[in-house]
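Visitor: Take this structure first; my questions come after.
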Amino acid sequence: MLSGMVCGGEMSPPDYEVFYSTNTPPSIDFHPHYTLPPSDSLFYNHPQDTFYLTPSDLHHINTDYGPMTVPLVSTNSTPPMPLPMQVPPGHVVQQIVDESGTLRHVIVSHQPPLIPIPQYGPGNQSQPYFGAGPGFPPFGSIQGPCGMNSSQGGPTPPPGGGLMSYVQGSQKDERAQRQFLKLRRKFEQKHQSNHFHQNNGPFRKDGGYNNNGSRRNVANGLSKEEDGSVGSTGSVTSTGTQDEEEETRLQAQQDMLSAILPPTVSEVSCRSAFIKWGVPERWTESGENKYLEVDVSDSDFRYEVFISDRSKDSRFKSIFLGTALSCRVKDLKPATPYAIAYCASVLETKGPLSPPTLFTTLPAEPEAPQSPRAISRNRNSLAFKWTAPPDNGAKLLAYLLEYDDGKGGANFIEAYRGKAKTCTVSKLQPAYSYQFRLAAINEVGQSRFSATTTVMTAGSPPPQPLPPTLSEAGVTFLRLEWKGRPSDEEYSLQMEDPSSGHGYLGAYSGTTPHATCIGLNRATDYKFRLKAYNAEGHSKWSEEVVFRTLPDRPGPPQKPILKGRPLSSSFKLKWDPPQDNGGVGLRGYYLEIDQGEGRWEEVYRGSDREWVVEGLSPGESYALRLRAFGPGGQSDPSEVSVFTTEPVCPAKCHIPRIVGKPKSSSVHLKWSSPDWDGGSPLTSFEVGSTTPDNRTQEAYRGKDTSCFVTGLLPGRAYLFQVRAVNRMGPGPWSDPLEVVSGPGSPDRPIEPTVSTKSSHSVLVSWTEPLNNGSAVSDYRLQMASLQTPDHSDHNHDIQTETESAVEPVFSLVYQGPLTSYELKALQPGNIYLFRLQACNSAGSSEWSGVRTHEMGASSPNTVTGIEASATSSSISLSWAIPASNGSPITNYNLLLGDTLLSSPSNDLLIQNLMPHTQHKIRIQAVNSIGRGSFSPLIKVWTKGLPPMAPKLELVGSAHFWLKLKWVGEKGVEYVLQMVNPCQEDFQVVYRGTQTSAKVSRLSEDTLYQFRISGINAAGQGLFSDLFKFSTLKAPPAQVKGLKVTCGKEGLRFDWATLSTPPLLYHLQVAKKRDQEFRTIYRGEETVFDKFQDLDPGAEYLSRVCAVRRLSEGGELVGPYSFTLPFSTPAPPSENVCLEKAESSSFTSNLSTTAAVLEERLKSISYESKVGLLAVVALVFLAFLISLITHQVVS
């Protein structure tokens, strides 16, 4: 059997690993009877079998088998009816009624159709035989892949007729008969060409599959168009879509794929061979295509190679599938005959197998034999036997047996070489371990060595062992151990129980050198002996040893009971022994006590059964239990007994404590219960007090743990104690608590003592008054000043308390615990009043008597509050009068630079100083005692000289404004004043740093007077002399309302009259074409008519102005009016003149409107016009800049 092969095609990678199995599907016996399955079953079966399948099971069934005939027998007398059946896609159901009236259904699978062939199977000549389609062996003979028939014969169809009877019954239908004959003829042709294929097993790579292995819509070897279906009458029907050309093309493909030569085998070795094949022959000798119906190339062919090792149960197996024309098969068996065949496929058609090519692989060295098996052992020899391995096609010549000489490692020496399969190796060491291996030799070479096997030679039986030793003993077990030896392989341990009387019995048998005997009696002696075994025999018994099990723990004793009456600190107990002593005598007892803490403590250990428990607390309950102990250990504790001692007086209370602060006449005390009540509940508490005169008295009795003690003297020390009382009596007094009653305020202190230390400081001291129970914590010293008439004030950092207006005002100058304080910075010659107050925790005392003290005189204080005001040549000084310190101030010394000046008062004017100069000044006061200290240095600057008045000049004038100009200086502000003609006083018309000014809103032809002065840091300078300037006369206003009318006598010009006579009017006209004006009227009237000295039918412009006649002679011409266009009338007709007049009237209206606009524009001031022009220029400039920027960015 082949385990695997590797194939490599010429056009593919060099090697492929292919694994395949040679297991044949299990044989299924033919069912002897036909049955009627359920109506919803699907029938799909191997030719030998009958299955019942439901649609849900269909996907689990191998669909590589088909077709099947199912007889359906009616169970009543009704005529047969077609039965609707569900079949998988691509299946065909043929329903046929035979001569006996049996309706039969033929279900055909995806495989080529199963066509009844009039031949007989080899096993049964009396039954009709049904030939299989391509890929199926005949029913009567299932052949292997190498053409060898199977030992099983074909199945025998059921009695009563075969499939030929179906065919005879179907001849009644002519159409079905024609279809049947057509398919039969086609099947015979394919069956003859596929004879070798049928004889070499079911190769299912037929036309029902495409190149990628998936199933096409092909049923029974035909395409979907060839499938039959069940008609409504139950007869056999066909789709009728396959035409003769398709049959011809398919037949040509089959013929082309059948024209293949056997493959060639070369390069055969013991485990590989090179296979090569050719393309199907399609061309004649003359180069013509034999199969014109098929248009394919060499690359369209795919090949599948099959191999068989021609063994009895082997079949052909696929080892290669591809388009290459060669492959190399590897991993073959040596010296094994093989058969190689292949088939070609193109498009969706697969051809038959080619004739096989037989070859045999070369022989090889034998396979590795199995390890040799030892059949006997002696002290100096070993006998071995082995089986022959596969020779791989060459006769075995000898066997080679090697061993390692007992030293281990990889050094083996030859022990035997020969053809026999048995061998005895002698001259070995006794009880020695050896390793052996075997190899086979044939004509080709030597095989690999077998796996090594280890065998030991026989030796002497073991000597007498040492007796076992005890490693651990228990109450019911004994654990023994002994020393193992190399010669010992197994041990036998026996034990004798003296109480049983049976002698030695087996206790252990095994290979480990230790054993544990369990289930023994406590405190019992046992005997043991040991024997050793090996392959050569056994040793003598060892010497006997005796070991004893341990005793068990005793049982729990009876609980302890009280003997006699319990005392306050002890009681006596007794108890009985336990019923089980553990197998041996008891050694003693443990007595344990629990004092209520949940922890047991041992208070007694001994063999007596009575004991007095001492050191107990009175009135306490105690729990006690008992344990017994012996050689086996201690027992479980007994039941617990509880006893209570007698109570006593309560314990000593804790020292009481004060709640809050003691008051001057009472104190609040509180205490806690004693740590121990003596074993009896407390009934009351007693509080005792000890007065300062050592008298003890009861202050409180009751159940509360707090009380108020009253009637105390303030500031006195008292001792307080407390004790508890129970039914046994009072307990001891607690430790005393010393309490001092609340203090009172101190007594009034005596007047303080004042002593002078200097003219500006004194030392005030005092004595401590009676504190009345609380130490004086601090003192408060206050001071008042009686100022003398020559004082203005004095400076002290004090706190002021306001009293009545007639009493001196005292201020706090010191507060602290000291009994003296030094006051500084006092005013000399002043009278001061002092008083004292003492303070403690209870409050403050009354103020002491007032102590008066007068300070001695001293030099004046430093001058302060200096104020200075300067001009360009003088400085005026003033200052505050300092304290004279007991002696009046006689004068003041003033130091101006290096010059010493004197002043009897507190102000001084220093004159004849240089302007704009810095002066340093210090001042000191002087009295009869001496000079005071100089004041801090002050710096004063004299101011500079004011500026001179500049000269005014007239730089521009009009009838209503004058523009003046002067030469200015930097940093100088100028004030320009004008004499008001109405009020005859000066009014400021300009103030600023500019050097020109325009004075507007003036009257025409009027004389105005002006003066100017400058202002700087030194002040305002003198005004200049008066300057006189006169405004001009005003020209007449612009003439408005110019109109031109056309009348019968000529043109009429009229305009509005001005309100400022005497005036003359000048009327001018000019042709519109040349605009050369000429005066046509000069006079005082505002109407000029009957003018005819113009060209008729021409266009003219007209304008008028007013002229003012001056009293001193001359004229002042005003501005012209807006230009008014008009046209002279045409001479031919009066209508034309009328039309011209109307046009002239319209033009005159336009001229009037233009004149109004011109008048409004002239009413705008010059500055406004300039501003409007600037705005227009800025807008235009911004537009131009934005346009340039846009161009640059673009």
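As shown in the structure tokens, the chain order sets the letters A, B, ...; within each chain, residues go from 1, and ligands are also counted from 1 in the order they appear.
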Identify, on the basis of only C-alpha atoms, every residue whose closest approach to region 419-433 of chain A does not exceed 6 Å; exclude the query and any residue fewer than 4 positions from it along the same chain; express the result as an MDAnalysis selection string.
Guide: chainID A and resid 379:386 398:399 406 455:459
Visitor: Could you save those same residues with N, CA and C atoms as a PDB file, in the first residue's frame?
Guide:
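File out.pdb, as written:
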ATOM      1  N   ARG A 379      23.776 -16.682  34.460  1.00  0.00           N
ATOM      2  CA  ARG A 379      24.710 -15.789  35.135  1.00  0.00           C
ATOM      3  C   ARG A 379      25.734 -15.221  34.165  1.00  0.00           C
ATOM      4  N   ASN A 380      26.120 -16.034  33.115  1.00  0.00           N
ATOM      5  CA  ASN A 380      27.177 -15.595  32.211  1.00  0.00           C
ATOM      6  C   ASN A 380      26.748 -15.552  30.753  1.00  0.00           C
ATOM      7  N   SER A 381      25.458 -15.750  30.417  1.00  0.00           N
ATOM      8  CA  SER A 381      25.030 -15.765  29.022  1.00  0.00           C
ATOM      9  C   SER A 381      23.576 -15.302  28.928  1.00  0.00           C
ATOM     10  N   LEU A 382      23.253 -14.838  27.679  1.00  0.00           N
ATOM     11  CA  LEU A 382      21.898 -14.397  27.363  1.00  0.00           C
ATOM     12  C   LEU A 382      21.547 -14.943  25.993  1.00  0.00           C
ATOM     13  N   ALA A 383      20.317 -15.459  25.821  1.00  0.00           N
ATOM     14  CA  ALA A 383      19.829 -15.995  24.550  1.00  0.00           C
ATOM     15  C   ALA A 383      18.771 -15.050  23.995  1.00  0.00           C
ATOM     16  N   PHE A 384      18.893 -14.749  22.655  1.00  0.00           N
ATOM     17  CA  PHE A 384      17.995 -13.788  22.007  1.00  0.00           C
ATOM     18  C   PHE A 384      17.325 -14.441  20.806  1.00  0.00           C
ATOM     19  N   LYS A 385      16.176 -13.856  20.406  1.00  0.00           N
ATOM     20  CA  LYS A 385      15.411 -14.274  19.236  1.00  0.00           C
ATOM     21  C   LYS A 385      14.799 -13.036  18.611  1.00  0.00           C
ATOM     22  N   TRP A 386      14.698 -13.052  17.260  1.00  0.00           N
ATOM     23  CA  TRP A 386      14.119 -11.902  16.557  1.00  0.00           C
ATOM     24  C   TRP A 386      13.400 -12.361  15.322  1.00  0.00           C
ATOM     25  N   ALA A 398      22.306 -11.771   6.076  1.00  0.00           N
ATOM     26  CA  ALA A 398      22.786 -12.001   7.440  1.00  0.00           C
ATOM     27  C   ALA A 398      22.131 -10.983   8.366  1.00  0.00           C
ATOM     28  N   TYR A 399      22.340 -11.285   9.707  1.00  0.00           N
ATOM     29  CA  TYR A 399      21.893 -10.366  10.763  1.00  0.00           C
ATOM     30  C   TYR A 399      23.110  -9.988  11.589  1.00  0.00           C
ATOM     31  N   GLY A 406      28.328  -3.700  28.545  1.00  0.00           N
ATOM     32  CA  GLY A 406      27.926  -3.358  29.905  1.00  0.00           C
ATOM     33  C   GLY A 406      28.434  -2.033  30.420  1.00  0.00           C
ATOM     34  N   VAL A 455      19.074  -5.715  28.894  1.00  0.00           N
ATOM     35  CA  VAL A 455      18.860  -7.028  29.528  1.00  0.00           C
ATOM     36  C   VAL A 455      19.955  -7.219  30.571  1.00  0.00           C
ATOM     37  N   MET A 456      19.596  -7.800  31.713  1.00  0.00           N
ATOM     38  CA  MET A 456      20.545  -8.059  32.797  1.00  0.00           C
ATOM     39  C   MET A 456      20.752  -9.570  32.935  1.00  0.00           C
ATOM     40  N   THR A 457      22.001  -9.942  33.166  1.00  0.00           N
ATOM     41  CA  THR A 457      22.307 -11.369  33.397  1.00  0.00           C
ATOM     42  C   THR A 457      21.873 -11.774  34.789  1.00  0.00           C
ATOM     43  N   ALA A 458      21.740 -13.063  34.990  1.00  0.00           N
ATOM     44  CA  ALA A 458      21.301 -13.599  36.286  1.00  0.00           C
ATOM     45  C   ALA A 458      22.426 -13.467  37.306  1.00  0.00           C
ATOM     46  N   GLY A 459      22.014 -13.406  38.672  1.00  0.00           N
ATOM     47  CA  GLY A 459      22.993 -13.274  39.740  1.00  0.00           C
ATOM     48  C   GLY A 459      22.645 -14.174  40.909  1.00  0.00           C
TER      49      GLY A 459
END
Visitor: Tell me, as a list in words, which residues lie within 9 Å of Glu1049 (chain A), counting only C-alpha atoms; anything in the same chain fewer than 2 positions away does not count.
Guide: Cys1046, Gly1047, Leu1051, Arg1052, Asp1089, Lys1090, Phe1091 and Gln1092 of chain A
Visitor: Tell me which protein, DNA and RNA residues are within 9 Å of Ser1030 (chain A), counting only C-alpha atoms, leaving out same-chain ones fewer than 4 positions away, and put them as a ChimeraX atom specification.
Guide: /A:957,959,962,1004-1009
Visitor: Given the selection you just returned, output its residues as a file containing all heavy atoms, formatted as a compact mmCIF listing (two decimals), in the first residue's frame.
Guide:
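So again-v8.txt came out as:
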# COMPACT_ATOMS: atom_id res chain seq x y z
N SER A 957 -7.21 141.17 5.88
CA SER A 957 -8.40 141.86 6.37
C SER A 957 -9.51 141.69 5.38
O SER A 957 -9.29 141.37 4.20
CB SER A 957 -8.10 143.34 6.60
OG SER A 957 -7.77 143.99 5.38
N HIS A 959 -14.13 142.84 5.15
CA HIS A 959 -15.11 143.75 5.72
C HIS A 959 -15.65 143.22 7.05
O HIS A 959 -16.30 143.96 7.78
CB HIS A 959 -16.25 143.99 4.74
CG HIS A 959 -17.03 142.75 4.43
ND1 HIS A 959 -16.58 141.80 3.53
CD2 HIS A 959 -18.23 142.31 4.90
CE1 HIS A 959 -17.46 140.82 3.45
NE2 HIS A 959 -18.48 141.12 4.28
N LEU A 962 -10.33 140.32 10.68
CA LEU A 962 -8.95 140.80 10.64
C LEU A 962 -8.04 139.66 11.06
O LEU A 962 -8.33 138.95 12.04
CB LEU A 962 -8.74 142.00 11.59
CG LEU A 962 -9.49 143.27 11.26
CD1 LEU A 962 -9.31 144.28 12.37
CD2 LEU A 962 -9.01 143.87 9.93
N GLU A 1004 -18.04 146.28 9.19
CA GLU A 1004 -17.27 146.80 8.07
C GLU A 1004 -16.81 148.25 8.33
O GLU A 1004 -17.47 149.01 9.06
CB GLU A 1004 -18.10 146.72 6.80
CG GLU A 1004 -19.31 147.64 6.81
CD GLU A 1004 -19.98 147.73 5.46
OE1 GLU A 1004 -19.36 147.30 4.48
OE2 GLU A 1004 -21.10 148.24 5.40
N ASP A 1005 -15.67 148.50 7.76
CA ASP A 1005 -15.15 149.86 7.78
C ASP A 1005 -15.14 150.43 9.21
O ASP A 1005 -15.62 151.53 9.47
CB ASP A 1005 -15.97 150.77 6.83
CG ASP A 1005 -15.23 152.09 6.54
OD1 ASP A 1005 -13.99 152.12 6.77
OD2 ASP A 1005 -15.90 153.03 6.13
N THR A 1006 -14.58 149.58 10.15
CA THR A 1006 -14.55 149.96 11.57
C THR A 1006 -13.14 149.81 12.08
O THR A 1006 -12.43 148.85 11.74
CB THR A 1006 -15.50 149.09 12.39
OG1 THR A 1006 -16.81 149.17 11.83
CG2 THR A 1006 -15.55 149.53 13.83
N LEU A 1007 -12.72 150.75 12.98
CA LEU A 1007 -11.38 150.74 13.57
C LEU A 1007 -11.44 149.98 14.90
O LEU A 1007 -12.27 150.28 15.75
CB LEU A 1007 -10.89 152.17 13.80
CG LEU A 1007 -9.47 152.29 14.36
CD1 LEU A 1007 -8.45 151.74 13.37
CD2 LEU A 1007 -9.16 153.75 14.69
N TYR A 1008 -10.54 148.99 15.03
CA TYR A 1008 -10.47 148.16 16.23
C TYR A 1008 -9.09 148.32 16.84
O TYR A 1008 -8.09 148.44 16.13
CB TYR A 1008 -10.76 146.69 15.91
CG TYR A 1008 -12.19 146.44 15.50
CD1 TYR A 1008 -12.57 146.45 14.17
CD2 TYR A 1008 -13.16 146.19 16.48
CE1 TYR A 1008 -13.86 146.21 13.79
CE2 TYR A 1008 -14.48 145.96 16.09
CZ TYR A 1008 -14.83 145.97 14.77
OH TYR A 1008 -16.12 145.73 14.40
N GLN A 1009 -9.02 148.22 18.27
CA GLN A 1009 -7.77 148.36 19.01
C GLN A 1009 -7.44 147.02 19.68
O GLN A 1009 -8.32 146.39 20.28
CB GLN A 1009 -7.89 149.48 20.07
CG GLN A 1009 -8.19 150.84 19.50
CD GLN A 1009 -8.28 151.90 20.56
OE1 GLN A 1009 -7.64 151.80 21.62
NE2 GLN A 1009 -9.05 152.95 20.28
Visitor: Would you kindly return, as a PyMOL selection string, each protein, DNA or RNA residue with an atom no farther than 8 Å from any atom of Tyr589 (chain A), considering only C-alpha atoms and excluding same-chain residues fewer than 2 positions away?
Guide: chain A and resi 587+591+604-609+626-629
Visitor: Within 12 Å of Ile889 (chain A), counting only C-alpha atoms, which residues qualify if same-chain residues fewer than 3 places away don't, as a PDB file with N, CA, C and O atoms, in the first residue's frame?
Guide:
ATOM      1  N   ASP A 790       1.874 128.505  76.802  1.00  0.00           N
ATOM      2  CA  ASP A 790       2.798 128.691  75.676  1.00  0.00           C
ATOM      3  C   ASP A 790       2.934 127.424  74.834  1.00  0.00           C
ATOM      4  O   ASP A 790       3.755 127.370  73.950  1.00  0.00           O
ATOM      5  N   HIS A 791       2.156 126.401  75.125  1.00  0.00           N
ATOM      6  CA  HIS A 791       2.213 125.163  74.317  1.00  0.00           C
ATOM      7  C   HIS A 791       1.117 125.186  73.283  1.00  0.00           C
ATOM      8  O   HIS A 791       0.006 125.649  73.573  1.00  0.00           O
ATOM      9  N   ALA A 857      11.964 122.639  82.112  1.00  0.00           N
ATOM     10  CA  ALA A 857      12.032 123.313  80.811  1.00  0.00           C
ATOM     11  C   ALA A 857      13.197 122.790  80.001  1.00  0.00           C
ATOM     12  O   ALA A 857      14.184 122.292  80.525  1.00  0.00           O
ATOM     13  N   SER A 858      13.092 123.082  78.583  1.00  0.00           N
ATOM     14  CA  SER A 858      14.124 122.614  77.656  1.00  0.00           C
ATOM     15  C   SER A 858      14.098 123.489  76.430  1.00  0.00           C
ATOM     16  O   SER A 858      13.230 124.366  76.281  1.00  0.00           O
ATOM     17  N   SER A 859      15.043 123.302  75.579  1.00  0.00           N
ATOM     18  CA  SER A 859      15.096 124.065  74.326  1.00  0.00           C
ATOM     19  C   SER A 859      13.885 123.692  73.474  1.00  0.00           C
ATOM     20  O   SER A 859      13.296 122.618  73.622  1.00  0.00           O
ATOM     21  N   PRO A 860      13.515 124.606  72.561  1.00  0.00           N
ATOM     22  CA  PRO A 860      12.312 124.334  71.751  1.00  0.00           C
ATOM     23  C   PRO A 860      12.486 123.088  70.869  1.00  0.00           C
ATOM     24  O   PRO A 860      13.588 122.628  70.580  1.00  0.00           O
ATOM     25  N   ASN A 861      11.352 122.658  70.424  1.00  0.00           N
ATOM     26  CA  ASN A 861      11.341 121.522  69.489  1.00  0.00           C
ATOM     27  C   ASN A 861      11.744 121.970  68.096  1.00  0.00           C
ATOM     28  O   ASN A 861      11.898 123.169  67.834  1.00  0.00           O
ATOM     29  N   THR A 862      11.890 121.055  67.218  1.00  0.00           N
ATOM     30  CA  THR A 862      12.251 121.330  65.824  1.00  0.00           C
ATOM     31  C   THR A 862      11.094 121.993  65.121  1.00  0.00           C
ATOM     32  O   THR A 862       9.928 121.635  65.300  1.00  0.00           O
ATOM     33  N   VAL A 863      11.442 122.987  64.289  1.00  0.00           N
ATOM     34  CA  VAL A 863      10.427 123.700  63.518  1.00  0.00           C
ATOM     35  C   VAL A 863       9.897 122.774  62.426  1.00  0.00           C
ATOM     36  O   VAL A 863      10.669 122.126  61.700  1.00  0.00           O
ATOM     37  N   ILE A 881       4.486 127.085  64.848  1.00  0.00           N
ATOM     38  CA  ILE A 881       5.232 127.395  66.075  1.00  0.00           C
ATOM     39  C   ILE A 881       5.500 126.097  66.805  1.00  0.00           C
ATOM     40  O   ILE A 881       4.572 125.367  67.158  1.00  0.00           O
ATOM     41  N   PRO A 882       6.769 125.735  67.048  1.00  0.00           N
ATOM     42  CA  PRO A 882       7.057 124.488  67.750  1.00  0.00           C
ATOM     43  C   PRO A 882       6.795 124.638  69.253  1.00  0.00           C
ATOM     44  O   PRO A 882       6.539 125.725  69.765  1.00  0.00           O
ATOM     45  N   ALA A 883       6.849 123.518  69.960  1.00  0.00           N
ATOM     46  CA  ALA A 883       6.682 123.530  71.421  1.00  0.00           C
ATOM     47  C   ALA A 883       7.870 124.261  72.061  1.00  0.00           C
ATOM     48  O   ALA A 883       9.032 123.997  71.729  1.00  0.00           O
ATOM     49  N   SER A 884       7.546 125.099  72.980  1.00  0.00           N
ATOM     50  CA  SER A 884       8.610 125.883  73.635  1.00  0.00           C
ATOM     51  C   SER A 884       9.299 125.117  74.742  1.00  0.00           C
ATOM     52  O   SER A 884      10.345 125.549  75.240  1.00  0.00           O
ATOM     53  N   ASN A 885       8.688 123.989  75.184  1.00  0.00           N
ATOM     54  CA  ASN A 885       9.284 123.108  76.188  1.00  0.00           C
ATOM     55  C   ASN A 885       9.554 123.841  77.518  1.00  0.00           C
ATOM     56  O   ASN A 885      10.636 123.764  78.111  1.00  0.00           O
ATOM     57  N   GLY A 886       8.586 124.623  77.965  1.00  0.00           N
ATOM     58  CA  GLY A 886       8.672 125.248  79.282  1.00  0.00           C
ATOM     59  C   GLY A 886       9.257 126.634  79.304  1.00  0.00           C
ATOM     60  O   GLY A 886       9.177 127.316  80.331  1.00  0.00           O
ATOM     61  N   TYR A 892      13.643 133.206  65.961  1.00  0.00           N
ATOM     62  CA  TYR A 892      13.919 132.074  65.065  1.00  0.00           C
ATOM     63  C   TYR A 892      15.143 132.410  64.237  1.00  0.00           C
ATOM     64  O   TYR A 892      15.287 133.551  63.752  1.00  0.00           O
ATOM     65  N   ASN A 893      16.011 131.442  64.074  1.00  0.00           N
ATOM     66  CA  ASN A 893      17.183 131.579  63.208  1.00  0.00           C
ATOM     67  C   ASN A 893      16.892 130.873  61.879  1.00  0.00           C
ATOM     68  O   ASN A 893      16.448 129.704  61.859  1.00  0.00           O
ATOM     69  N   SER A 903      14.333 136.071  62.747  1.00  0.00           N
ATOM     70  CA  SER A 903      12.963 136.567  62.673  1.00  0.00           C
ATOM     71  C   SER A 903      12.332 136.379  64.036  1.00  0.00           C
ATOM     72  O   SER A 903      12.439 135.299  64.644  1.00  0.00           O
ATOM     73  N   PRO A 904      11.629 137.402  64.555  1.00  0.00           N
ATOM     74  CA  PRO A 904      10.982 137.247  65.849  1.00  0.00           C
ATOM     75  C   PRO A 904       9.667 136.480  65.787  1.00  0.00           C
ATOM     76  O   PRO A 904       9.148 136.038  66.808  1.00  0.00           O
ATOM     77  N   SER A 905       9.113 136.355  64.596  1.00  0.00           N
ATOM     78  CA  SER A 905       7.838 135.638  64.432  1.00  0.00           C
ATOM     79  C   SER A 905       8.058 134.402  63.552  1.00  0.00           C
ATOM     80  O   SER A 905       9.167 134.139  63.098  1.00  0.00           O
ATOM     81  N   ASN A 906       6.953 133.759  63.300  1.00  0.00           N
ATOM     82  CA  ASN A 906       7.026 132.503  62.525  1.00  0.00           C
ATOM     83  C   ASN A 906       6.773 132.735  61.043  1.00  0.00           C
ATOM     84  O   ASN A 906       6.262 131.847  60.363  1.00  0.00           O
ATOM     85  N   GLN A 924      15.472 127.212  62.907  1.00  0.00           N
ATOM     86  CA  GLN A 924      15.506 126.701  64.273  1.00  0.00           C
ATOM     87  C   GLN A 924      14.891 127.750  65.203  1.00  0.00           C
ATOM     88  O   GLN A 924      14.931 128.943  64.936  1.00  0.00           O
ATOM     89  N   ALA A 925      14.281 127.193  66.303  1.00  0.00           N
ATOM     90  CA  ALA A 925      13.673 128.074  67.321  1.00  0.00           C
ATOM     91  C   ALA A 925      14.645 128.258  68.483  1.00  0.00           C
ATOM     92  O   ALA A 925      15.417 127.344  68.821  1.00  0.00           O
ATOM     93  N   VAL A 926      14.556 129.437  69.163  1.00  0.00           N
ATOM     94  CA  VAL A 926      15.478 129.770  70.257  1.00  0.00           C
ATOM     95  C   VAL A 926      14.639 130.265  71.440  1.00  0.00           C
ATOM     96  O   VAL A 926      13.706 131.072  71.272  1.00  0.00           O
ATOM     97  N   ASN A 927      14.946 129.723  72.665  1.00  0.00           N
ATOM     98  CA  ASN A 927      14.334 130.251  73.894  1.00  0.00           C
ATOM     99  C   ASN A 927      15.447 130.499  74.910  1.00  0.00           C
ATOM    100  O   ASN A 927      16.650 130.414  74.580  1.00  0.00           O
ATOM    101  N   SER A 928      15.038 130.751  76.164  1.00  0.00           N
ATOM    102  CA  SER A 928      16.039 131.094  77.175  1.00  0.00           C
ATOM    103  C   SER A 928      16.906 129.911  77.555  1.00  0.00           C
ATOM    104  O   SER A 928      18.007 130.082  78.085  1.00  0.00           O
ATOM    105  N   ILE A 929      16.422 128.702  77.302  1.00  0.00           N
ATOM    106  CA  ILE A 929      17.221 127.515  77.642  1.00  0.00           C
ATOM    107  C   ILE A 929      18.294 127.295  76.588  1.00  0.00           C
ATOM    108  O   ILE A 929      19.427 126.924  76.897  1.00  0.00           O
ATOM    109  N   GLY A 930      17.959 127.528  75.339  1.00  0.00           N
ATOM    110  CA  GLY A 930      18.932 127.303  74.278  1.00  0.00           C
ATOM    111  C   GLY A 930      18.261 127.233  72.921  1.00  0.00           C
ATOM    112  O   GLY A 930      17.097 127.611  72.744  1.00  0.00           O
ATOM    113  N   ARG A 931      19.039 126.832  71.940  1.00  0.00           N
ATOM    114  CA  ARG A 931      18.552 126.689  70.571  1.00  0.00           C
ATOM    115  C   ARG A 931      18.026 125.269  70.336  1.00  0.00           C
ATOM    116  O   ARG A 931      18.628 124.293  70.776  1.00  0.00           O
ATOM    117  N   GLY A 932      16.946 125.253  69.618  1.00  0.00           N
ATOM    118  CA  GLY A 932      16.442 123.946  69.182  1.00  0.00           C
ATOM    119  C   GLY A 932      17.185 123.446  67.952  1.00  0.00           C
ATOM    120  O   GLY A 932      18.032 124.141  67.376  1.00  0.00           O
TER     121      GLY A 932
END
Visitor: Tell me, which residues of region 938-1182 of chain A carry DSSP alpha helix (DSSP H), written as a VMD selection string?
Guide: chain A and resid 1134 to 1163 1166 to 1182
Visitor: Contacts of region 472-481 of chain A at 8 Å or less, counting only C-alpha atoms, minus same-chain residues fewer than 5 places along, as a PyMOL selection string?
Guide: chain A and resi 513-523+547-552
Visitor: Identify, on the basis of only C-alpha atoms, every residue whose closest approach to region 689-692 of chain A does not exceed 7 Å; exclude the query and any residue fewer than 2 positions from it along the same chain; express the result as an MDAnalysis selection string.
Guide: chainID A and resid 687 694:699 716:721
Visitor: Where does DSSP see strand (DSSP E) in region 229-390 of chain A, if you list the residues as a count of residues only?
Guide: 55
Visitor: For a quick check of understanding, using only C-alpha atoms, which of A:Tyr303, A:Phe1023, A:Tyr504, A:Trp541 has the smallest distance to Pro465 (chain A)?
Guide: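 Counting only C-alpha atoms, the residue closest to Pro465 (chain A) is A:Trp541.
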Visitor: In terms of the shortest atom-to-atom distance over only C-alpha atoms, which of A:Ser500, A:Thr453, A:Ser286, A:Ser1186 is closest to Gly408 (chain A)?
Guide: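 Counting only C-alpha atoms, the residue closest to Gly408 (chain A) is A:Thr453.
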Visitor: Restricting the calculation to only C-alpha atoms, which member of A:Ala339, A:Ala532, A:Ala410, A:Val612 is positioned closest to Arg565 (chain A)?
Guide: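 Nearest candidate to Arg565 (chain A) out of A:Ala339, A:Ala532, A:Ala410, A:Val612: A:Val612.
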Visitor: CA of Thr361 (chain A) and CA of Phe449 (chain A), how far apart in Å?
Guide: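 About the pair CA of Phe449 (chain A) and CA of Thr361 (chain A): they are 23.9 Å apart.
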Visitor: Between CA of Tyr508 (chain A) and CA of Leu493 (chain A), what is the distance, to one decimal in Å?
Guide: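 Those two atoms sit 5.0 Å apart.
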